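*Asks:* Structure incoming, see below.
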Amino acid sequence: MNMSACKTEFAIHPAADMFPILDGKDLAGIIASMQREGFRADKPIIIWRDQIIDGRNRLAASKIAGVEPAFKRVSDDADPYLEAWAHNGARRDLEPDTKAAIYIKMLAASDDWQREREEARRVANEARAKAMEGNSNAVKPAMDSPVSRDTRPSAAPRVAAPEPTPRPAAAPTWALSNGTAERWIR
């Protein structure tokens, strides 16, 4: 989705800030590439809840190069730290130690974000339950039947899944290697 007509100024999410910002030769390379080829739509700036989680360097380069950036929103329900890692982690050319340190920080921040989200859900559910206590017109779930995510009635009775067909045992790898095992032993 190209959102440039809607909004081009976004806050930087802390997940994006965990990755080093480009400067000097690296940023100049991106700017030169954008001036020659434009902004690559296959590498959009990733937005989560109006915050950049990936692409702040490309956004800066596009402004300097004078090219129109492309944007893509991810779901508001997505974990911004895991999303930032998914987009940045594999692509960024960083030292293995630096990548590992960033990954550990991302996981810790993701855990904190998940805990905060679960706590907010718990509080909201308690508030809804309390609001329903005094309301005799509130629709309450029937608990005399099994709980299911699927609200449609089943058209057919449940049938047990068939037993899986056993797979034949694999031949030992040494038998398939055409003498490789013998060469390693010698």
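FYI, nothing fancy with the structure tokens labels: chains A, B, ... in order, residues from 1 per chain, ligands from 1 as they appear.
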Quick one: residues within 10 Å of Asp17 in chain A, only C-alpha atoms, excluding same-chain residues fewer than 5 positions away - as a count of residues only?

*Replies:* 6

*Asks:* Using only C-alpha atoms, which residues sit within 7 Å of range 24-33 of chain A once same-chain residues fewer than 6 positions away are excluded, as a ChimeraX atom specification?

*Replies:* /A:61-62,64-65

*Asks:* Put those residues in a file: all heavy atoms, as a PDB file, in the first residue's frame.

*Replies:*
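This is the output file again21.pdb:
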```
ATOM      1  N   ALA A  61      17.039   8.466   2.903  1.00  0.00           N
ATOM      2  CA  ALA A  61      17.680   8.494   1.582  1.00  0.00           C
ATOM      3  C   ALA A  61      16.709   8.979   0.514  1.00  0.00           C
ATOM      4  O   ALA A  61      17.092   9.738  -0.384  1.00  0.00           O
ATOM      5  CB  ALA A  61      18.203   7.101   1.221  1.00  0.00           C
ATOM      6  N   SER A  62      15.440   8.573   0.604  1.00  0.00           N
ATOM      7  CA  SER A  62      14.467   8.998  -0.409  1.00  0.00           C
ATOM      8  C   SER A  62      14.219  10.504  -0.343  1.00  0.00           C
ATOM      9  O   SER A  62      14.043  11.156  -1.377  1.00  0.00           O
ATOM     10  CB  SER A  62      13.144   8.235  -0.261  1.00  0.00           C
ATOM     11  OG  SER A  62      12.443   8.641   0.897  1.00  0.00           O
ATOM     12  N   ILE A  64      16.441  12.767   0.625  1.00  0.00           N
ATOM     13  CA  ILE A  64      17.625  13.410   0.063  1.00  0.00           C
ATOM     14  C   ILE A  64      17.658  13.241  -1.457  1.00  0.00           C
ATOM     15  O   ILE A  64      17.988  14.177  -2.186  1.00  0.00           O
ATOM     16  CB  ILE A  64      18.911  12.844   0.717  1.00  0.00           C
ATOM     17  CG1 ILE A  64      18.933  13.219   2.202  1.00  0.00           C
ATOM     18  CG2 ILE A  64      20.159  13.347   0.003  1.00  0.00           C
ATOM     19  CD1 ILE A  64      20.001  12.497   3.008  1.00  0.00           C
ATOM     20  N   ALA A  65      17.289  12.044  -1.931  1.00  0.00           N
ATOM     21  CA  ALA A  65      17.315  11.764  -3.370  1.00  0.00           C
ATOM     22  C   ALA A  65      16.154  12.420  -4.108  1.00  0.00           C
ATOM     23  O   ALA A  65      16.167  12.510  -5.336  1.00  0.00           O
ATOM     24  CB  ALA A  65      17.292  10.257  -3.609  1.00  0.00           C
TER      25      ALA A  65
END
```

*Asks:* Within 10 Å of range 109-115 of chain A, counting only C-alpha atoms, which residues qualify if same-chain residues fewer than 4 places away don't, as a VMD selection string?

*Replies:* chain A and resid 14 to 15 79 to 83 103 to 105 119 to 121

*Asks:* For the selection you just gave me, I'd like the residues written to a file as a PDB file, in the first residue's frame, keeping N, CA, C and O atoms.

*Replies:*
```
ATOM      1  N   PRO A  14      10.756   2.125  18.793  1.00  0.00           N
ATOM      2  CA  PRO A  14      11.978   1.675  19.474  1.00  0.00           C
ATOM      3  C   PRO A  14      12.590   0.412  18.856  1.00  0.00           C
ATOM      4  O   PRO A  14      13.811   0.226  18.919  1.00  0.00           O
ATOM      5  N   ALA A  15      11.785  -0.431  18.235  1.00  0.00           N
ATOM      6  CA  ALA A  15      12.321  -1.636  17.583  1.00  0.00           C
ATOM      7  C   ALA A  15      13.248  -1.258  16.432  1.00  0.00           C
ATOM      8  O   ALA A  15      14.289  -1.892  16.231  1.00  0.00           O
ATOM      9  N   ASP A  79       3.250  -8.154  16.502  1.00  0.00           N
ATOM     10  CA  ASP A  79       4.274  -7.809  17.479  1.00  0.00           C
ATOM     11  C   ASP A  79       5.306  -6.934  16.757  1.00  0.00           C
ATOM     12  O   ASP A  79       5.987  -7.397  15.842  1.00  0.00           O
ATOM     13  N   PRO A  80       5.438  -5.664  17.129  1.00  0.00           N
ATOM     14  CA  PRO A  80       6.332  -4.770  16.378  1.00  0.00           C
ATOM     15  C   PRO A  80       7.805  -5.187  16.441  1.00  0.00           C
ATOM     16  O   PRO A  80       8.563  -4.942  15.500  1.00  0.00           O
ATOM     17  N   TYR A  81       8.198  -5.832  17.514  1.00  0.00           N
ATOM     18  CA  TYR A  81       9.598  -6.238  17.655  1.00  0.00           C
ATOM     19  C   TYR A  81       9.907  -7.426  16.751  1.00  0.00           C
ATOM     20  O   TYR A  81      10.944  -7.443  16.079  1.00  0.00           O
ATOM     21  N   LEU A  82       8.999  -8.390  16.696  1.00  0.00           N
ATOM     22  CA  LEU A  82       9.215  -9.531  15.804  1.00  0.00           C
ATOM     23  C   LEU A  82       9.114  -9.105  14.343  1.00  0.00           C
ATOM     24  O   LEU A  82       9.849  -9.607  13.490  1.00  0.00           O
ATOM     25  N   GLU A  83       8.213  -8.181  14.053  1.00  0.00           N
ATOM     26  CA  GLU A  83       8.099  -7.657  12.689  1.00  0.00           C
ATOM     27  C   GLU A  83       9.374  -6.920  12.294  1.00  0.00           C
ATOM     28  O   GLU A  83       9.880  -7.090  11.187  1.00  0.00           O
ATOM     29  N   TYR A 103      19.205  -9.188  18.372  1.00  0.00           N
ATOM     30  CA  TYR A 103      18.178 -10.232  18.457  1.00  0.00           C
ATOM     31  C   TYR A 103      17.779 -10.483  19.913  1.00  0.00           C
ATOM     32  O   TYR A 103      16.594 -10.595  20.220  1.00  0.00           O
ATOM     33  N   ILE A 104      18.751 -10.542  20.794  1.00  0.00           N
ATOM     34  CA  ILE A 104      18.454 -10.765  22.219  1.00  0.00           C
ATOM     35  C   ILE A 104      17.621  -9.601  22.767  1.00  0.00           C
ATOM     36  O   ILE A 104      16.644  -9.814  23.493  1.00  0.00           O
ATOM     37  N   LYS A 105      17.968  -8.372  22.409  1.00  0.00           N
ATOM     38  CA  LYS A 105      17.186  -7.205  22.844  1.00  0.00           C
ATOM     39  C   LYS A 105      15.773  -7.255  22.275  1.00  0.00           C
ATOM     40  O   LYS A 105      14.803  -6.923  22.959  1.00  0.00           O
ATOM     41  N   GLU A 119      -1.870  -8.308  29.756  1.00  0.00           N
ATOM     42  CA  GLU A 119      -2.407  -7.610  30.927  1.00  0.00           C
ATOM     43  C   GLU A 119      -3.537  -6.673  30.511  1.00  0.00           C
ATOM     44  O   GLU A 119      -4.571  -6.604  31.183  1.00  0.00           O
ATOM     45  N   ALA A 120      -3.375  -5.970  29.406  1.00  0.00           N
ATOM     46  CA  ALA A 120      -4.428  -5.076  28.914  1.00  0.00           C
ATOM     47  C   ALA A 120      -5.679  -5.879  28.558  1.00  0.00           C
ATOM     48  O   ALA A 120      -6.806  -5.449  28.845  1.00  0.00           O
ATOM     49  N   ARG A 121      -5.512  -7.050  27.961  1.00  0.00           N
ATOM     50  CA  ARG A 121      -6.661  -7.919  27.649  1.00  0.00           C
ATOM     51  C   ARG A 121      -7.362  -8.370  28.927  1.00  0.00           C
ATOM     52  O   ARG A 121      -8.575  -8.382  29.010  1.00  0.00           O
TER      53      ARG A 121
END
```

*Asks:* Go through A:Asn88, A:Gln51, A:Ser75, A:Gln35 one by one, measure the shortest atom-to-atom distance of each to Ile102 in chain A using only C-alpha atoms, and give the residue with the smallest value.

*Replies:*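 Among A:Asn88, A:Gln51, A:Ser75, A:Gln35, it is A:Asn88 that comes nearest to Ile102 in chain A.
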
*Asks:* Identify, on the basis of only C-alpha atoms, every residue whose closest approach to Arg40 in chain A does not exceed 12 Å; exclude the query and any residue fewer than 3 positions from it along the same chain; express the result as a VMD selection string.

*Replies:* chain A and resid 2 30 to 31 33 to 37 43 to 45 55 58 to 59 61 to 62 67 to 71
